[in-house]
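Pasting final-v9.txt here (compact mmCIF, C-alpha atoms):
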```txt
# COMPACT_ATOMS: atom_id res chain seq x y z
CA MET J 1 -21.95 -16.33 -33.11
CA ASP J 2 -19.84 -13.26 -33.79
CA GLU J 3 -21.18 -10.33 -31.71
CA THR J 4 -20.43 -7.92 -34.56
CA THR J 5 -22.61 -9.82 -37.06
CA PRO J 6 -25.86 -7.93 -37.79
CA LEU J 7 -28.98 -9.95 -36.98
CA ALA J 8 -31.98 -10.37 -39.24
CA SER J 9 -35.65 -10.91 -38.41
CA LEU J 10 -37.55 -13.95 -39.65
CA SER J 11 -40.29 -12.03 -41.45
CA VAL J 12 -42.49 -15.11 -41.88
CA THR J 13 -43.64 -14.86 -38.26
CA HIS J 14 -42.63 -11.26 -37.51
CA VAL J 15 -45.62 -8.92 -37.24
CA PHE J 16 -45.60 -5.22 -36.26
CA TYR J 17 -48.57 -4.02 -34.20
CA ASP J 18 -49.55 -1.31 -31.72
CA PRO J 19 -48.98 -2.71 -28.19
CA ASN J 20 -51.52 -0.22 -26.80
CA ASP J 21 -54.29 -1.41 -29.12
CA TYR J 22 -55.99 -4.74 -28.34
CA VAL J 23 -57.52 -4.90 -31.80
CA SER J 24 -54.07 -4.53 -33.27
CA LEU J 25 -52.90 -7.46 -31.12
CA VAL J 26 -55.76 -9.65 -32.36
CA CYS J 27 -54.88 -8.68 -35.93
CA ALA J 28 -51.27 -9.67 -35.29
CA TYR J 29 -52.42 -13.15 -34.24
CA LEU J 30 -54.70 -13.38 -37.28
CA ALA J 31 -51.68 -12.63 -39.44
CA LEU J 32 -50.23 -15.99 -38.31
CA LEU J 33 -53.25 -17.94 -39.59
CA PRO J 34 -51.61 -18.98 -42.91
CA GLN J 35 -48.64 -20.48 -41.05
CA ALA J 36 -50.98 -22.27 -38.66
CA LEU J 37 -53.03 -23.64 -41.55
CA CYS J 38 -49.89 -24.99 -43.22
CA VAL J 39 -49.11 -26.90 -40.02
CA VAL J 40 -52.68 -28.24 -39.97
CA TYR J 41 -52.46 -29.24 -43.63
CA ALA J 42 -49.17 -31.08 -43.15
CA THR J 43 -50.39 -32.81 -39.99
CA LEU J 44 -53.63 -34.01 -41.57
CA VAL J 45 -51.87 -35.21 -44.72
CA LEU J 46 -49.29 -37.11 -42.67
CA PHE J 47 -51.66 -38.79 -40.23
CA THR J 48 -54.79 -39.32 -42.36
CA ARG J 49 -53.16 -39.91 -45.78
CA GLU J 50 -56.36 -38.47 -47.28
CA VAL J 51 -55.84 -37.52 -50.91
CA GLU J 52 -58.57 -34.84 -50.72
CA ILE J 53 -56.59 -32.96 -48.07
CA GLY J 54 -53.39 -33.44 -50.04
CA LEU J 55 -55.02 -32.02 -53.16
CA MET J 56 -56.29 -29.01 -51.23
CA PHE J 57 -52.80 -28.40 -49.82
CA ALA J 58 -51.28 -28.71 -53.31
CA GLY J 59 -53.77 -26.16 -54.59
CA GLN J 60 -52.96 -23.88 -51.67
CA LEU J 61 -49.27 -23.99 -52.55
CA ALA J 62 -50.06 -23.36 -56.22
CA CYS J 63 -52.10 -20.33 -55.12
CA GLU J 64 -49.01 -19.01 -53.33
CA VAL J 65 -46.98 -19.42 -56.52
CA ILE J 66 -49.62 -17.42 -58.40
CA ASN J 67 -49.42 -14.67 -55.76
CA PHE J 68 -45.62 -14.62 -56.05
CA ALA J 69 -45.90 -14.17 -59.82
CA LEU J 70 -48.64 -11.51 -59.62
CA LYS J 71 -46.67 -9.38 -57.15
CA ARG J 72 -43.65 -9.31 -59.45
CA LEU J 73 -45.82 -8.66 -62.46
CA ILE J 74 -47.83 -5.77 -60.96
CA LYS J 75 -45.02 -4.36 -58.77
CA GLU J 76 -47.24 -2.17 -56.60
CA ASP J 77 -45.68 -0.92 -53.37
CA ARG J 78 -47.14 -1.39 -49.91
CA PRO J 79 -48.54 1.56 -47.91
CA ARG J 80 -45.90 4.09 -46.86
CA ARG J 81 -46.09 3.55 -43.10
CA ILE J 82 -45.08 -0.09 -43.24
CA HIS J 83 -42.14 -2.28 -42.29
CA GLY J 84 -42.99 -5.18 -44.61
CA LYS J 85 -40.76 -6.32 -47.41
CA GLY J 86 -41.64 -6.81 -51.06
CA TYR J 87 -44.57 -5.69 -53.14
CA GLY J 88 -48.12 -5.34 -51.83
CA MET J 89 -50.40 -6.17 -54.77
CA PRO J 90 -52.13 -8.54 -54.27
CA SER J 91 -52.14 -9.35 -50.54
CA SER J 92 -50.75 -12.86 -50.04
CA HIS J 93 -52.55 -13.23 -46.71
CA ALA J 94 -55.92 -12.34 -48.26
CA GLN J 95 -55.31 -14.65 -51.21
CA PHE J 96 -54.23 -17.53 -48.93
CA VAL J 97 -57.21 -17.38 -46.56
CA ALA J 98 -59.66 -16.83 -49.42
CA PHE J 99 -58.43 -19.99 -51.13
CA TRP J 100 -58.66 -21.93 -47.86
CA SER J 101 -62.16 -20.75 -46.92
CA ILE J 102 -63.69 -21.13 -50.40
CA SER J 103 -62.09 -24.56 -50.87
CA LEU J 104 -63.42 -25.67 -47.50
CA ALA J 105 -66.91 -24.41 -48.37
CA LEU J 106 -66.87 -26.12 -51.79
CA PHE J 107 -65.81 -29.38 -50.21
CA LEU J 108 -68.39 -29.32 -47.41
CA LEU J 109 -71.32 -28.10 -49.52
CA VAL J 110 -70.66 -29.60 -52.95
CA ARG J 111 -68.25 -32.55 -52.87
CA HIS J 112 -68.81 -34.03 -49.41
CA ARG J 113 -71.53 -36.71 -49.41
CA PRO J 114 -71.77 -38.27 -45.94
CA PRO J 115 -74.23 -41.13 -45.32
CA LYS J 116 -77.54 -40.05 -43.84
CA VAL J 117 -77.27 -42.30 -40.77
CA LEU J 118 -74.38 -44.32 -39.41
CA ARG J 119 -75.02 -47.20 -37.05
CA GLY J 120 -72.40 -48.81 -34.89
CA GLN J 121 -70.82 -51.90 -36.44
CA THR J 122 -70.61 -53.86 -33.21
CA THR J 123 -72.12 -57.31 -32.93
CA ALA J 124 -75.43 -57.73 -31.14
CA ALA J 125 -73.81 -59.66 -28.28
CA ALA J 126 -71.07 -57.07 -27.84
CA ALA J 127 -73.57 -54.22 -28.02
CA ALA J 128 -75.79 -55.86 -25.42
CA ALA J 129 -72.80 -56.46 -23.15
CA ALA J 130 -71.84 -52.79 -23.38
CA GLY J 131 -75.41 -51.55 -23.19
CA ALA J 132 -75.03 -49.75 -26.51
CA ALA J 133 -77.44 -51.57 -28.78
CA ASN J 134 -79.14 -49.59 -31.55
CA CYS J 135 -76.77 -46.66 -31.05
CA VAL J 136 -77.24 -44.27 -33.96
CA HIS J 137 -74.82 -41.57 -35.09
CA ARG J 138 -76.06 -38.65 -37.19
CA PRO J 139 -73.46 -37.04 -39.49
CA TRP J 140 -73.31 -33.28 -39.99
CA SER J 141 -76.42 -31.95 -41.67
CA PHE J 142 -76.24 -29.56 -44.61
CA LEU J 143 -77.07 -26.65 -42.31
CA GLU J 144 -74.23 -27.59 -39.96
CA ARG J 145 -71.81 -27.84 -42.87
CA PHE J 146 -73.10 -24.51 -44.15
CA ALA J 147 -72.48 -22.94 -40.72
CA VAL J 148 -68.90 -24.24 -40.68
CA SER J 149 -68.38 -22.89 -44.20
CA VAL J 150 -69.69 -19.45 -43.19
CA ALA J 151 -67.46 -19.48 -40.10
CA GLY J 152 -64.44 -20.19 -42.30
CA ILE J 153 -65.32 -17.34 -44.65
CA VAL J 154 -65.80 -14.96 -41.71
CA ILE J 155 -62.40 -15.91 -40.27
CA ALA J 156 -60.83 -15.41 -43.69
CA ALA J 157 -62.48 -12.00 -44.08
CA ALA J 158 -61.28 -10.96 -40.61
CA THR J 159 -57.73 -12.05 -41.48
CA ALA J 160 -57.84 -10.12 -44.75
CA TRP J 161 -59.18 -7.02 -42.98
CA SER J 162 -56.40 -7.28 -40.38
CA ARG J 163 -53.85 -6.60 -43.10
CA ILE J 164 -55.52 -3.23 -43.72
CA TYR J 165 -55.78 -2.45 -40.01
CA LEU J 166 -52.09 -3.21 -39.46
CA ASN J 167 -51.29 -1.06 -42.51
CA TYR J 168 -49.52 -3.85 -44.35
CA HIS J 169 -51.79 -3.44 -47.39
CA THR J 170 -54.22 -0.99 -48.95
CA PRO J 171 -57.91 -1.98 -49.23
CA LYS J 172 -57.48 -2.47 -52.99
CA GLN J 173 -54.56 -4.87 -52.48
CA VAL J 174 -56.59 -6.92 -50.01
CA VAL J 175 -59.70 -7.03 -52.22
CA VAL J 176 -57.69 -8.10 -55.26
CA GLY J 177 -55.91 -10.73 -53.18
CA TYR J 178 -59.21 -12.11 -51.87
CA ILE J 179 -60.69 -12.25 -55.37
CA ALA J 180 -57.56 -13.97 -56.71
CA GLY J 181 -57.75 -16.55 -53.92
CA ALA J 182 -61.45 -17.21 -54.52
CA ILE J 183 -60.94 -17.61 -58.28
CA SER J 184 -57.96 -19.92 -57.66
CA ALA J 185 -60.06 -22.04 -55.28
CA ALA J 186 -62.91 -22.36 -57.76
CA GLY J 187 -60.49 -23.19 -60.58
CA TRP J 188 -58.66 -25.82 -58.54
CA PHE J 189 -61.96 -27.34 -57.44
CA ALA J 190 -62.98 -27.64 -61.11
CA ILE J 191 -59.66 -29.26 -62.01
CA THR J 192 -59.85 -31.82 -59.20
CA SER J 193 -63.51 -32.51 -60.03
CA LEU J 194 -62.51 -33.24 -63.63
CA ALA J 195 -59.70 -35.52 -62.42
CA ARG J 196 -62.27 -37.45 -60.39
CA HIS J 197 -64.78 -37.56 -63.24
CA VAL J 198 -62.38 -39.00 -65.84
CA GLY J 199 -60.92 -41.52 -63.39
CA LEU J 200 -57.48 -39.94 -63.19
CA LEU J 201 -57.56 -39.77 -59.40
CA GLU J 202 -58.70 -43.38 -59.11
CA TRP J 203 -55.85 -44.44 -61.41
CA ALA J 204 -53.31 -42.42 -59.39
CA LEU J 205 -54.44 -43.99 -56.12
CA ASP J 206 -53.89 -47.44 -57.61
CA THR J 207 -50.25 -46.78 -58.50
CA PRO J 208 -47.52 -48.50 -56.46
CA ILE J 209 -46.24 -45.23 -54.95
CA ALA J 210 -49.72 -44.21 -53.77
CA ARG J 211 -50.28 -47.62 -52.22
CA ALA J 212 -46.83 -47.52 -50.62
CA PHE J 213 -47.73 -44.27 -48.88
CA ARG J 214 -51.18 -45.67 -47.95
CA LEU J 215 -53.04 -42.85 -49.71
CA ARG J 216 -56.82 -43.09 -49.49
CA ASP J 217 -59.95 -41.26 -50.61
CA LEU J 218 -62.52 -41.64 -47.83
CA ALA J 219 -63.14 -38.04 -46.75
CA VAL J 220 -65.63 -37.41 -49.55
CA GLN J 221 -68.12 -39.97 -48.21
CA GLU J 222 -66.97 -40.64 -44.66
CA ASP J 223 -68.43 -38.52 -41.89
CA MET J 224 -65.59 -36.54 -40.34
CA CYS J 225 -66.92 -36.86 -36.78
CA GLN J 226 -67.39 -40.61 -37.20
CA ALA J 227 -64.02 -41.43 -38.79
CA GLY J 228 -62.42 -44.17 -36.71
CA TRP J 229 -65.10 -43.93 -34.01
CA GLU J 230 -66.82 -47.20 -34.93
CA LYS J 231 -63.55 -49.12 -34.64
CA TRP J 232 -62.97 -47.54 -31.23
CA GLU J 233 -66.49 -48.41 -30.07
CA GLN J 234 -66.10 -51.98 -31.31
CA LYS J 235 -62.81 -52.30 -29.44
CA ARG J 236 -64.42 -51.02 -26.24
CA THR J 237 -67.40 -53.36 -26.49
CA GLU J 238 -65.16 -56.35 -27.25
CA ALA J 239 -62.99 -55.46 -24.24
CA ALA J 240 -66.09 -55.21 -22.04
CA THR J 241 -67.31 -58.60 -23.32
CA SER J 242 -63.96 -60.29 -22.64
CA LYS J 243 -63.89 -58.96 -19.07
CA LYS J 244 -67.27 -60.52 -18.31
CA LYS J 245 -66.18 -63.97 -19.50
```
Rewrite the coordinates I just gave you, this time as structure tokens.
Amino acid sequence: MDETTPLASLSVTHVFYDPNDYVSLVCAYLALLPQALCVVYATLVLFTREVEIGLMFAGQLACEVINFALKRLIKEDRPRRIHGKGYGMPSSHAQFVAFWSISLALFLLVRHRPPKVLRGQTTAAAAAAAGAANCVHRPWSFLERFAVSVAGIVIAAATAWSRIYLNYHTPKQVVVGYIAGAISAAGWFAITSLARHVGLLEWALDTPIARAFRLRDLAVQEDMCQAGWEKWEQKRTEAATSKKK
């Protein structure tokens, strides 16, 4: 690299904060939440092939496109004492985390329908050999799912507030961004619900390309803590049975 070439900062992960203020440091880490969530989205889509997660990620990206358009339509500057680039209305961070938290809450509280009780699928002989007969797993209750939803909303609110504390946005820009994200989440949830209701999603999952990528739709009814656990337990009990023979 030529030593005379001016260097640029990658603003996606570059956050200014007060090194003498611990709250400012926490806010700086919260500012990286959208990037972290994108990594989580991509990882879950790749390794679970769950269409519900893929749809949520697609809606998240569409929400970002809406924010991009709104900023260039409104053209409101950021606060004066700021190093950020571009317009400030609405806050993209607030809109991103609002969409994520509201979408998560709608899924857990409205769309997700786990079975009331899940019992291990091992055979009686294998269960007896492993000493695990009549093992019962209880999926998340509604109150537990409600607690997770509230936790997500609190984290989103803290991330949105951090943008004000770091002086990247005014309170109005953050509030508008949060409202835009919440409305986008509700709208996308309605669209995907309609796609499920009319059978469009079922048709899409039966197409050759969806089957080639092994796309599935189990998250709506499968308990998230139990996913894959029964197969693992069955493998362990079968291994224990074969060792005793």
Contact residues around segment 177-193 of chain J with all atoms listed in the file at 6 Å, ignoring same-chain residues under 5 positions, as number ranges by chain: J: 90-91, 94-95, 98-99, 103
Select, counting all atoms listed in the file, all protein, DNA and RNA residues no farther than 12 Å from (-44.9, -14.0, -57.8) in file coordinates, and express the selection as a PDB file with C-alpha atoms, in the coordinates of the input.
```pdb
ATOM      1  CA  ALA J  62     -50.060 -23.360 -56.220  1.00  0.00           C
ATOM      2  CA  CYS J  63     -52.100 -20.330 -55.120  1.00  0.00           C
ATOM      3  CA  GLU J  64     -49.010 -19.010 -53.330  1.00  0.00           C
ATOM      4  CA  VAL J  65     -46.980 -19.420 -56.520  1.00  0.00           C
ATOM      5  CA  ILE J  66     -49.620 -17.420 -58.400  1.00  0.00           C
ATOM      6  CA  ASN J  67     -49.420 -14.670 -55.760  1.00  0.00           C
ATOM      7  CA  PHE J  68     -45.620 -14.620 -56.050  1.00  0.00           C
ATOM      8  CA  ALA J  69     -45.900 -14.170 -59.820  1.00  0.00           C
ATOM      9  CA  LEU J  70     -48.640 -11.510 -59.620  1.00  0.00           C
ATOM     10  CA  LYS J  71     -46.670  -9.380 -57.150  1.00  0.00           C
ATOM     11  CA  ARG J  72     -43.650  -9.310 -59.450  1.00  0.00           C
ATOM     12  CA  LEU J  73     -45.820  -8.660 -62.460  1.00  0.00           C
ATOM     13  CA  ILE J  74     -47.830  -5.770 -60.960  1.00  0.00           C
ATOM     14  CA  LYS J  75     -45.020  -4.360 -58.770  1.00  0.00           C
ATOM     15  CA  GLY J  86     -41.640  -6.810 -51.060  1.00  0.00           C
ATOM     16  CA  TYR J  87     -44.570  -5.690 -53.140  1.00  0.00           C
ATOM     17  CA  GLY J  88     -48.120  -5.340 -51.830  1.00  0.00           C
ATOM     18  CA  MET J  89     -50.400  -6.170 -54.770  1.00  0.00           C
ATOM     19  CA  PRO J  90     -52.130  -8.540 -54.270  1.00  0.00           C
ATOM     20  CA  SER J  91     -52.140  -9.350 -50.540  1.00  0.00           C
ATOM     21  CA  SER J  92     -50.750 -12.860 -50.040  1.00  0.00           C
TER      22      SER J  92
END
```
Atom CA of His93 of chain J to atom CA of Ala160 of chain J, distance in Å rounded to a single decimal: 6.4 Å
Interatomic distance, atom CA of Tyr41 of chain J to atom CA of Gly59 of chain J (Å, one decimal):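 A separation of 11.5 Å between them.
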Within 8 Å of file point (-64.2, -20.6, -44.2), counting all atoms listed in the file, expressed as a list in words: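 Those within range, by chain then number, are Ala98, Trp100, Ser101, Ile102, Leu104, Ala105, Val148, Ser149, Val150, Ala151, Gly152, Ile153, Val154, Ile155 and Ala156 of chain J.
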Selected residue of minimal separation from Arg113 of chain J among J:Gln221, J:Gln173, J:Asn167, J:Ser242, counting all atoms listed in the file: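 That would be J:Gln221, the residue with the smallest distance to Arg113 of chain J.
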